[in-house]
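Heads up, input-v2.cif below (mmCIF, C-alpha atoms):
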data_data
loop_
_atom_site.group_PDB
_atom_site.id
_atom_site.type_symbol
_atom_site.label_atom_id
_atom_site.label_comp_id
_atom_site.auth_asym_id
_atom_site.auth_seq_id
_atom_site.Cartn_x
_atom_site.Cartn_y
_atom_site.Cartn_z
ATOM 1 C CA MET T 1 24.803 82.975 347.675
ATOM 2 C CA SER T 2 21.090 83.484 348.402
ATOM 3 C CA LEU T 3 18.477 82.399 345.905
ATOM 4 C CA PRO T 4 16.265 85.070 344.275
ATOM 5 C CA ALA T 5 12.684 85.434 345.396
ATOM 6 C CA PRO T 6 10.184 83.301 343.424
ATOM 7 C CA PHE T 7 8.504 86.469 342.089
ATOM 8 C CA VAL T 8 10.534 89.674 341.734
ATOM 9 C CA PRO T 9 8.443 92.811 341.020
ATOM 10 C CA PHE T 10 9.922 96.124 339.878
ATOM 11 C CA ASP T 11 8.606 99.544 338.908
ATOM 12 C CA LEU T 12 9.204 100.961 335.441
ATOM 13 C CA VAL T 13 11.636 103.625 336.624
ATOM 14 C CA PRO T 14 13.735 104.474 333.524
ATOM 15 C CA GLY T 15 17.060 102.645 333.359
ATOM 16 C CA LEU T 16 18.436 99.168 333.947
ATOM 17 C CA ARG T 17 16.042 97.149 336.126
ATOM 18 C CA LEU T 18 17.501 93.620 335.920
ATOM 19 C CA ASP T 19 20.826 92.153 334.784
ATOM 20 C CA LEU T 20 20.401 88.430 334.149
ATOM 21 C CA GLY T 21 23.592 87.909 332.152
ATOM 22 C CA ARG T 22 22.521 87.212 328.581
ATOM 23 C CA VAL T 23 19.395 89.246 329.266
ATOM 24 C CA ARG T 24 19.214 92.827 330.511
ATOM 25 C CA VAL T 25 15.846 94.395 331.344
ATOM 26 C CA HIS T 26 15.327 98.157 331.012
ATOM 27 C CA ALA T 27 12.449 100.534 331.585
ATOM 28 C CA PHE T 28 11.967 103.690 329.518
ATOM 29 C CA GLY T 29 9.992 106.877 329.986
ATOM 30 C CA ALA T 30 9.509 110.128 328.102
ATOM 31 C CA ALA T 31 13.254 110.704 327.606
ATOM 32 C CA PRO T 32 14.982 109.107 324.569
ATOM 33 C CA PHE T 33 16.463 105.643 325.143
ATOM 34 C CA ALA T 34 18.718 104.001 322.548
ATOM 35 C CA TRP T 35 20.473 100.662 322.160
ATOM 36 C CA THR T 36 23.101 99.426 319.727
ATOM 37 C CA SER T 37 23.189 95.626 319.783
ATOM 38 C CA GLY T 38 21.366 92.429 320.706
ATOM 39 C CA THR T 39 17.685 91.817 320.041
ATOM 40 C CA VAL T 40 15.324 94.069 321.987
ATOM 41 C CA PHE T 41 11.750 93.030 322.807
ATOM 42 C CA GLY T 42 9.658 96.048 323.803
ATOM 43 C CA VAL T 43 6.194 96.777 325.188
ATOM 44 C CA VAL T 44 4.505 100.172 325.522
ATOM 45 C CA THR T 45 2.538 100.246 328.774
ATOM 46 C CA ARG T 46 1.432 103.889 328.933
ATOM 47 C CA GLY T 47 1.349 107.056 326.855
ATOM 48 C CA ARG T 48 2.492 107.544 323.270
ATOM 49 C CA VAL T 49 5.937 106.509 322.058
ATOM 50 C CA ALA T 50 8.007 106.852 318.885
ATOM 51 C CA LEU T 51 10.140 103.883 317.817
ATOM 52 C CA THR T 52 13.005 104.821 315.470
ATOM 53 C CA LEU T 53 14.891 102.205 313.450
ATOM 54 C CA PRO T 54 17.780 102.717 311.032
ATOM 55 C CA HIS T 55 17.205 102.181 307.316
ATOM 56 C CA PRO T 56 19.603 102.591 304.362
ATOM 57 C CA ASP T 57 17.300 105.251 302.871
ATOM 58 C CA GLY T 58 16.823 107.106 306.170
ATOM 59 C CA ASP T 59 15.527 106.263 309.635
ATOM 60 C CA ASP T 60 12.007 104.838 309.995
ATOM 61 C CA THR T 61 9.914 106.196 312.862
ATOM 62 C CA SER T 62 6.682 104.522 314.012
ATOM 63 C CA PRO T 63 4.253 106.017 316.569
ATOM 64 C CA LEU T 64 3.097 103.462 319.145
ATOM 65 C CA ARG T 65 0.308 103.468 321.731
ATOM 66 C CA PRO T 66 -0.257 101.412 324.914
ATOM 67 C CA GLY T 67 -0.462 97.701 324.198
ATOM 68 C CA ALA T 68 1.920 97.876 321.240
ATOM 69 C CA TRP T 69 4.930 95.568 321.117
ATOM 70 C CA PHE T 70 8.023 95.322 318.970
ATOM 71 C CA VAL T 71 11.143 93.285 318.291
ATOM 72 C CA VAL T 72 14.294 95.023 317.058
ATOM 73 C CA PRO T 73 17.443 93.089 316.096
ATOM 74 C CA GLY T 74 20.302 95.557 316.298
ATOM 75 C CA PRO T 75 20.200 99.312 316.950
ATOM 76 C CA GLY T 76 17.076 101.330 317.653
ATOM 77 C CA ALA T 77 15.641 103.999 319.934
ATOM 78 C CA VAL T 78 12.423 104.981 321.680
ATOM 79 C CA ARG T 79 11.296 108.393 322.887
ATOM 80 C CA GLY T 80 8.122 109.616 324.487
ATOM 81 C CA LEU T 81 5.575 111.548 322.459
ATOM 82 C CA SER T 82 3.667 112.265 325.676
ATOM 83 C CA ALA T 83 4.864 113.111 329.180
ATOM 84 C CA ASP T 84 3.425 109.895 330.618
ATOM 85 C CA ALA T 85 5.172 107.576 328.106
ATOM 86 C CA GLU T 86 6.385 104.345 329.707
ATOM 87 C CA GLY T 87 7.406 100.842 328.730
ATOM 88 C CA LEU T 88 9.606 97.788 329.134
ATOM 89 C CA LEU T 89 12.607 96.688 327.064
ATOM 90 C CA ILE T 90 14.157 93.201 327.214
ATOM 91 C CA GLU T 91 17.607 93.155 325.643
ATOM 92 C CA ASP T 92 18.777 89.659 324.655
ATOM 93 C CA SER T 93 22.326 89.057 323.408
ATOM 94 C CA GLY T 94 21.429 85.503 322.320
ATOM 95 C CA PRO T 95 19.546 84.463 319.149
ATOM 96 C CA VAL T 96 18.856 87.183 316.575
ATOM 97 C CA GLY T 97 15.148 87.977 316.335
ATOM 98 C CA LEU T 98 13.063 89.203 313.407
ATOM 99 C CA ARG T 99 11.947 92.825 313.229
ATOM 100 C CA VAL T 100 8.271 93.021 314.273
ATOM 101 C CA ILE T 101 5.899 95.832 315.270
ATOM 102 C CA GLY T 102 2.415 94.887 316.455
ATOM 103 C CA GLY T 103 -0.478 95.753 318.695
ATOM 104 C CA PRO T 104 -2.580 96.523 320.483
ATOM 105 C CA ILE T 105 -3.307 93.272 322.285
ATOM 106 C CA GLU T 106 -6.711 91.652 321.858
ATOM 107 C CA PRO T 107 -9.303 91.336 324.671
ATOM 108 C CA THR T 108 -8.387 87.689 325.330
ATOM 109 C CA GLY T 109 -5.845 85.125 324.191
ATOM 110 C CA ARG T 110 -6.373 82.770 321.252
ATOM 111 C CA LEU T 111 -4.994 79.564 322.790
ATOM 112 C CA ARG T 112 -6.269 77.701 325.838
ATOM 113 C CA TYR T 113 -3.961 77.745 328.870
ATOM 114 C CA ILE T 114 -4.316 76.327 332.369
ATOM 115 C CA ASP T 115 -7.378 76.952 334.575
ATOM 116 C CA GLY T 116 -9.434 78.786 331.960
ATOM 117 C CA CYS T 117 -6.690 81.270 331.062
ATOM 118 C CA THR T 118 -5.819 82.031 327.433
ATOM 119 C CA ASP T 119 -2.630 82.994 325.636
ATOM 120 C CA THR T 120 -1.655 84.597 322.337
ATOM 121 C CA LEU T 121 1.803 84.034 320.899
ATOM 122 C CA LEU T 122 2.536 87.625 319.871
ATOM 123 C CA VAL T 123 6.053 86.924 318.618
ATOM 124 C CA CYS T 124 6.778 83.381 317.429
ATOM 125 C CA PRO T 125 10.282 81.918 317.785
ATOM 126 C CA PRO T 126 11.980 82.123 314.349
ATOM 127 C CA ARG T 127 13.677 78.817 315.172
ATOM 128 C CA LEU T 128 13.036 76.084 317.717
ATOM 129 C CA GLY T 129 14.554 77.238 321.009
ATOM 130 C CA ASP T 130 14.458 80.980 320.277
ATOM 131 C CA PRO T 131 12.683 83.500 322.553
ATOM 132 C CA SER T 132 8.982 84.352 322.276
ATOM 133 C CA LEU T 133 6.621 87.072 323.500
ATOM 134 C CA ASN T 134 3.163 86.199 324.820
ATOM 135 C CA HIS T 135 -0.072 87.838 325.933
ATOM 136 C CA LEU T 136 -1.526 85.924 328.888
ATOM 137 C CA HIS T 137 -5.166 86.691 329.728
ATOM 138 C CA ILE T 138 -6.437 85.644 333.161
ATOM 139 C CA PRO T 139 -10.226 86.014 333.519
ATOM 140 C CA ALA T 140 -11.872 87.499 336.597
ATOM 141 C CA GLY T 141 -12.446 84.959 339.356
ATOM 142 C CA THR T 142 -9.427 82.776 338.477
ATOM 143 C CA ASN T 143 -7.517 80.824 341.129
ATOM 144 C CA GLN T 144 -4.632 79.506 339.065
ATOM 145 C CA SER T 145 -2.974 76.205 339.982
ATOM 146 C CA PRO T 146 0.554 76.572 341.390
ATOM 147 C CA HIS T 147 3.079 75.810 338.645
ATOM 148 C CA THR T 148 6.698 76.319 337.562
ATOM 149 C CA HIS T 149 8.594 76.976 334.325
ATOM 150 C CA ALA T 150 11.877 75.421 333.245
ATOM 151 C CA SER T 151 13.342 78.829 332.310
ATOM 152 C CA ASP T 152 13.045 82.441 333.472
ATOM 153 C CA ARG T 153 10.011 84.562 332.657
ATOM 154 C CA VAL T 154 10.112 88.362 332.392
ATOM 155 C CA GLY T 155 7.190 90.656 331.727
ATOM 156 C CA VAL T 156 4.836 93.428 332.727
ATOM 157 C CA ILE T 157 1.222 93.848 333.822
ATOM 158 C CA LEU T 158 -0.602 95.650 331.015
ATOM 159 C CA ARG T 159 -4.133 95.978 332.365
ATOM 160 C CA GLY T 160 -6.455 94.727 335.105
ATOM 161 C CA GLY T 161 -5.437 93.536 338.539
ATOM 162 C CA GLY T 162 -4.884 90.567 340.817
ATOM 163 C CA VAL T 163 -2.102 88.985 342.845
ATOM 164 C CA CYS T 164 0.798 86.603 342.308
ATOM 165 C CA ARG T 165 0.928 83.911 344.983
ATOM 166 C CA THR T 166 4.191 82.096 345.828
ATOM 167 C CA PRO T 167 5.473 80.078 348.809
ATOM 168 C CA ALA T 168 7.177 83.321 349.934
ATOM 169 C CA GLY T 169 3.987 85.407 350.004
ATOM 170 C CA VAL T 170 1.538 87.379 347.869
ATOM 171 C CA THR T 171 2.316 90.336 345.577
ATOM 172 C CA ALA T 172 -0.353 92.753 344.368
ATOM 173 C CA LEU T 173 -0.409 93.252 340.587
ATOM 174 C CA SER T 174 -1.426 96.444 338.795
ATOM 175 C CA PRO T 175 -0.752 98.000 335.367
ATOM 176 C CA GLY T 176 2.833 99.092 334.817
ATOM 177 C CA LEU T 177 4.388 96.612 337.247
ATOM 178 C CA GLY T 178 7.359 94.737 335.797
ATOM 179 C CA TRP T 179 8.304 91.301 337.073
ATOM 180 C CA TRP T 180 10.789 88.444 336.881
ATOM 181 C CA ILE T 181 10.024 84.820 337.739
ATOM 182 C CA PRO T 182 13.289 82.829 338.050
ATOM 183 C CA ALA T 183 13.403 79.356 336.509
ATOM 184 C CA GLY T 184 11.776 76.677 338.654
ATOM 185 C CA SER T 185 9.934 79.133 340.931
ATOM 186 C CA GLU T 186 6.473 78.048 342.085
ATOM 187 C CA HIS T 187 3.824 80.693 341.464
ATOM 188 C CA SER T 188 0.197 81.272 340.475
ATOM 189 C CA PHE T 189 -1.914 84.254 339.450
ATOM 190 C CA VAL T 190 -5.197 84.962 341.227
ATOM 191 C CA THR T 191 -7.951 87.397 340.215
ATOM 192 C CA THR T 192 -11.235 88.372 341.858
ATOM 193 C CA ASP T 193 -13.535 91.020 340.345
ATOM 194 C CA GLN T 194 -11.434 91.949 337.311
ATOM 195 C CA ALA T 195 -9.389 90.196 334.654
ATOM 196 C CA LEU T 196 -5.614 90.464 334.328
ATOM 197 C CA ASP T 197 -3.600 90.894 331.127
ATOM 198 C CA VAL T 198 0.093 90.089 331.265
ATOM 199 C CA ILE T 199 2.861 90.377 328.677
ATOM 200 C CA ALA T 200 5.361 87.544 329.232
ATOM 201 C CA TRP T 201 8.730 87.030 327.531
ATOM 202 C CA HIS T 202 10.268 83.549 327.391
ATOM 203 C CA PRO T 203 14.033 83.214 326.720
ATOM 204 C CA ASP T 204 13.556 79.886 324.966
ATOM 205 C CA SER T 205 10.875 77.676 323.427
ATOM 206 C CA VAL T 206 10.065 73.994 323.034
ATOM 207 C CA PHE T 207 8.071 74.921 319.927
ATOM 208 C CA GLY T 208 9.219 76.396 316.622
ATOM 209 C CA PRO T 209 10.395 75.679 313.094
ATOM 210 C CA THR T 210 13.543 73.732 312.256
ATOM 211 C CA ASP T 211 15.482 73.228 309.023
ATOM 212 C CA GLU T 212 13.578 69.963 308.527
ATOM 213 C CA VAL T 213 10.094 71.041 309.709
ATOM 214 C CA HIS T 214 8.742 74.433 308.675
ATOM 215 C CA PRO T 215 5.708 75.563 306.619
ATOM 216 C CA MET T 216 7.601 76.119 303.379
ATOM 217 C CA LYS T 217 9.406 72.767 303.421
ATOM 218 C CA SER T 218 6.564 70.721 304.926
ATOM 219 C CA GLY T 219 4.253 71.963 302.156
ATOM 220 C CA THR T 220 6.684 71.163 299.359
ATOM 221 C CA GLN T 221 6.372 67.969 297.296
ATOM 222 C CA LEU T 222 9.022 67.189 294.732
ATOM 223 C CA VAL T 223 7.779 65.967 291.359
ATOM 224 C CA ALA T 224 9.524 62.867 289.992
ATOM 225 C CA ARG T 225 11.381 63.612 286.784
ATOM 226 C CA GLY T 226 11.337 61.371 283.737
ATOM 227 C CA PRO T 227 14.451 60.265 281.783
ATOM 228 C CA ALA T 228 16.718 63.125 280.918
ATOM 229 C CA ALA T 229 16.044 64.382 277.393
ATOM 230 C CA GLU T 230 18.900 64.130 274.866
ATOM 231 C CA PRO T 231 20.369 67.464 273.833
ATOM 232 C CA PRO T 232 19.211 68.643 270.377
ATOM 233 C CA ARG T 233 21.474 67.656 267.470
ATOM 234 C CA ARG T 234 22.952 70.271 265.188
#

Written as structure tokens, how would this file's structure read?
Amino acid sequence: MSLPAPFVPFDLVPGLRLDLGRVRVHAFGAAPFAWTSGTVFGVVTRGRVALTLPHPDGDDTSPLRPGAWFVVPGPGAVRGLSADAEGLLIEDSGPVGLRVIGGPIEPTGRLRYIDGCTDTLLVCPPRLGDPSLNHLHIPAGTNQSPHTHASDRVGVILRGGGVCRTPAGVTALSPGLGWWIPAGSEHSFVTTDQALDVIAWHPDSVFGPTDEVHPMKSGTQLVARGPAAEPPRR
């Protein structure tokens, strides 16, 4: 069995683009696209889109523009509100995510990353080990150090341009290009005269809350009680 390429690009032609077992990656266009199970992480890359989610009092529909993202645990649907509507859907049958709608992305990331790049954690893992969604910003003139990740990465180029460099060759990057980086694959992003903005989904995380460490519990201090009062006598 041959190993996958270190960087696997794919166009956002509507339909199933990757089947990675627990994770299935789809692209959608102007036509309606619905799902019934799992947790779906979505990104709108072009055009205007309507996201419809079931609700006991009637379906909720939200209009989304390029740069918007969402997380839907359970059933949902997208449809184009413009002929050029396009986006990426990552369907995960693993941990159940929290419903989130956000966007658009900011000009740069909020956290420092390698080689002057920045990253924003768009969707935090609800629990340690759960998936996350990130916005990676690579400034113009960046020659990123070759690196690997312990798990797969899946995502899409949202704006800008550059290349991905691997031991197998160089791939040009432009808006609307989906991609998969298999676990352990050496790669680096390189830009010249323009910056590059990437949406990256991680199937797991080494960061996140646990039952013992989370903001509610870590900020709670129990007050010592005095002797129990005797019940009133009748």

With a cut-off of 12 Å, could you pull out the residues of range 154-194 of chain T touching range 90-95 of chain T and give me the nearest pair of atoms for each, distance in Å to one decimal, using only C-alpha atoms, ordered by chain and ascending number, as JSON lines?
{"residue": "T:Val154", "atom": "CA", "partner": "T:Ile90", "partner_atom": "CA", "distance": 8.2}
{"residue": "T:Gly155", "atom": "CA", "partner": "T:Ile90", "partner_atom": "CA", "distance": 8.7}
{"residue": "T:Val156", "atom": "CA", "partner": "T:Ile90", "partner_atom": "CA", "distance": 10.8}
{"residue": "T:Gly178", "atom": "CA", "partner": "T:Ile90", "partner_atom": "CA", "distance": 11.1}
{"residue": "T:Trp179", "atom": "CA", "partner": "T:Ile90", "partner_atom": "CA", "distance": 11.6}
{"residue": "T:Trp180", "atom": "CA", "partner": "T:Ile90", "partner_atom": "CA", "distance": 11.3}

Emit the selected residues as an mmCIF file, in the coordinates of the input, including C-alpha atoms.
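Everything below was put into selection-v2.cif:
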data_model
loop_
_atom_site.group_PDB
_atom_site.id
_atom_site.type_symbol
_atom_site.label_atom_id
_atom_site.label_comp_id
_atom_site.auth_asym_id
_atom_site.auth_seq_id
_atom_site.Cartn_x
_atom_site.Cartn_y
_atom_site.Cartn_z
ATOM 1 C CA VAL T 154 10.112 88.362 332.392
ATOM 2 C CA GLY T 155 7.190 90.656 331.727
ATOM 3 C CA VAL T 156 4.836 93.428 332.727
ATOM 4 C CA GLY T 178 7.359 94.737 335.797
ATOM 5 C CA TRP T 179 8.304 91.301 337.073
ATOM 6 C CA TRP T 180 10.789 88.444 336.881
#

Nearest to Gly76 in chain T, chosen from T:Val100, T:Ala34, T:Ile199, T:Val43, with all atoms listed in the file counted in the distances: T:Ala34

Answer as a list of chain:residue names, residues within 8 Å of (-8.4, 85.7, 336.4) using all atoms listed in the file: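 Collected hits near the coordinates: T:Cys117, T:His137, T:Ile138, T:Pro139, T:Ala140, T:Gly141, T:Thr142, T:Asn143, T:Gln144, T:Gly162, T:Phe189, T:Val190, T:Thr191, T:Thr192, T:Gln194, T:Ala195, T:Leu196.
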
Shell around Ala31 in chain T at 8 Å using all atoms listed in the file, local window under 2 positions removed, as an MDAnalysis selection string: chainID T and resid 28:29 33 79:80

Matched chain/residue IDs from the PyMOL selection byres ((chain T and resi 187) around 12), as a PyMOL selection string: chain T and resi 5-8+143-149+153+163-171+180-186+188-190

Test item: which residues lie within 8 Å of (0.3, 85.1, 326.6) counting all atoms listed in the file, as a PyMOL selection string: chain T and resi 109+118-122+133-137+198-200

With 6 Å of padding per side, what axis-aligned box (centre and edge lengths, Å, one decimal) covers all the listed atoms of range 47-63 of chain T? Give it as JSON.
{"center_x": 10.5, "center_y": 104.9, "center_z": 314.9, "size_x": 30.3, "size_y": 17.4, "size_z": 36.0}

Atomic separation - CA of Leu51 in chain T relative to CA of Ser82 in chain T, Å: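 Going from CA of Ser82 in chain T over to CA of Leu51 in chain T, I get 13.2 Å.
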
Complete range 124-151 of chain T at the level of N, CA and C atoms, written as an mmCIF file, keeping the file's coordinate frame.
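Contents of the output file out-v8.cif:
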data_model
loop_
_atom_site.group_PDB
_atom_site.id
_atom_site.type_symbol
_atom_site.label_atom_id
_atom_site.label_comp_id
_atom_site.auth_asym_id
_atom_site.auth_seq_id
_atom_site.Cartn_x
_atom_site.Cartn_y
_atom_site.Cartn_z
ATOM 1 N N CYS T 124 6.396 84.790 317.515
ATOM 2 C CA CYS T 124 6.778 83.381 317.429
ATOM 3 C C CYS T 124 8.302 83.240 317.379
ATOM 4 N N PRO T 125 8.840 82.149 317.914
ATOM 5 C CA PRO T 125 10.282 81.918 317.785
ATOM 6 C C PRO T 125 10.641 81.650 316.331
ATOM 7 N N PRO T 126 11.591 82.390 315.740
ATOM 8 C CA PRO T 126 11.980 82.123 314.349
ATOM 9 C C PRO T 126 12.528 80.719 314.145
ATOM 10 N N ARG T 127 13.175 80.189 315.191
ATOM 11 C CA ARG T 127 13.677 78.817 315.172
ATOM 12 C C ARG T 127 13.338 78.154 316.500
ATOM 13 N N LEU T 128 13.248 76.844 316.486
ATOM 14 C CA LEU T 128 13.036 76.084 317.717
ATOM 15 C C LEU T 128 14.090 76.484 318.749
ATOM 16 N N GLY T 129 13.641 76.852 319.945
ATOM 17 C CA GLY T 129 14.554 77.238 321.009
ATOM 18 C C GLY T 129 14.738 78.721 321.176
ATOM 19 N N ASP T 130 14.300 79.527 320.188
ATOM 20 C CA ASP T 130 14.458 80.980 320.277
ATOM 21 C C ASP T 130 13.427 81.593 321.227
ATOM 22 N N PRO T 131 13.636 82.838 321.653
ATOM 23 C CA PRO T 131 12.683 83.500 322.553
ATOM 24 C C PRO T 131 11.323 83.744 321.897
ATOM 25 N N SER T 132 10.325 83.998 322.756
ATOM 26 C CA SER T 132 8.982 84.352 322.276
ATOM 27 C C SER T 132 8.386 85.394 323.205
ATOM 28 N N LEU T 133 7.347 86.072 322.710
ATOM 29 C CA LEU T 133 6.621 87.072 323.500
ATOM 30 C C LEU T 133 5.153 86.689 323.499
ATOM 31 N N ASN T 134 4.524 86.709 324.667
ATOM 32 C CA ASN T 134 3.163 86.199 324.820
ATOM 33 C C ASN T 134 2.249 87.196 325.529
ATOM 34 N N HIS T 135 0.962 87.119 325.203
ATOM 35 C CA HIS T 135 -0.072 87.838 325.933
ATOM 36 C C HIS T 135 -0.886 86.802 326.704
ATOM 37 N N LEU T 136 -0.788 86.834 328.014
ATOM 38 C CA LEU T 136 -1.526 85.924 328.888
ATOM 39 C C LEU T 136 -2.738 86.659 329.452
ATOM 40 N N HIS T 137 -3.932 86.112 329.207
ATOM 41 C CA HIS T 137 -5.166 86.691 329.728
ATOM 42 C C HIS T 137 -5.709 85.790 330.831
ATOM 43 N N ILE T 138 -5.923 86.376 331.998
ATOM 44 C CA ILE T 138 -6.437 85.644 333.161
ATOM 45 C C ILE T 138 -7.807 86.217 333.501
ATOM 46 N N PRO T 139 -8.888 85.467 333.278
ATOM 47 C CA PRO T 139 -10.226 86.014 333.519
ATOM 48 C C PRO T 139 -10.456 86.368 334.983
ATOM 49 N N ALA T 140 -11.463 87.205 335.223
ATOM 50 C CA ALA T 140 -11.872 87.499 336.597
ATOM 51 C C ALA T 140 -12.292 86.208 337.292
ATOM 52 N N GLY T 141 -12.047 86.125 338.581
ATOM 53 C CA GLY T 141 -12.446 84.959 339.356
ATOM 54 C C GLY T 141 -11.599 83.728 339.120
ATOM 55 N N THR T 142 -10.326 83.903 338.753
ATOM 56 C CA THR T 142 -9.427 82.776 338.477
ATOM 57 C C THR T 142 -8.524 82.517 339.684
ATOM 58 N N ASN T 143 -8.445 81.254 340.081
ATOM 59 C CA ASN T 143 -7.517 80.824 341.129
ATOM 60 C C ASN T 143 -6.566 79.815 340.482
ATOM 61 N N GLN T 144 -5.512 80.321 339.892
ATOM 62 C CA GLN T 144 -4.632 79.506 339.065
ATOM 63 C C GLN T 144 -3.904 78.439 339.898
ATOM 64 N N SER T 145 -3.720 77.272 339.313
ATOM 65 C CA SER T 145 -2.974 76.205 339.982
ATOM 66 C C SER T 145 -1.506 76.593 340.116
ATOM 67 N N PRO T 146 -0.876 76.314 341.257
ATOM 68 C CA PRO T 146 0.554 76.572 341.390
ATOM 69 C C PRO T 146 1.328 75.798 340.316
ATOM 70 N N HIS T 147 2.315 76.456 339.714
ATOM 71 C CA HIS T 147 3.079 75.810 338.645
ATOM 72 C C HIS T 147 4.469 76.430 338.565
ATOM 73 N N THR T 148 5.337 75.822 337.776
ATOM 74 C CA THR T 148 6.698 76.319 337.562
ATOM 75 C C THR T 148 6.997 76.327 336.065
ATOM 76 N N HIS T 149 8.096 76.985 335.697
ATOM 77 C CA HIS T 149 8.594 76.976 334.325
ATOM 78 C C HIS T 149 10.069 76.571 334.348
ATOM 79 N N ALA T 150 10.501 75.919 333.291
ATOM 80 C CA ALA T 150 11.877 75.421 333.245
ATOM 81 C C ALA T 150 12.894 76.526 332.989
ATOM 82 N N SER T 151 12.440 77.707 332.554
ATOM 83 C CA SER T 151 13.342 78.829 332.310
ATOM 84 C C SER T 151 12.733 80.099 332.892
#
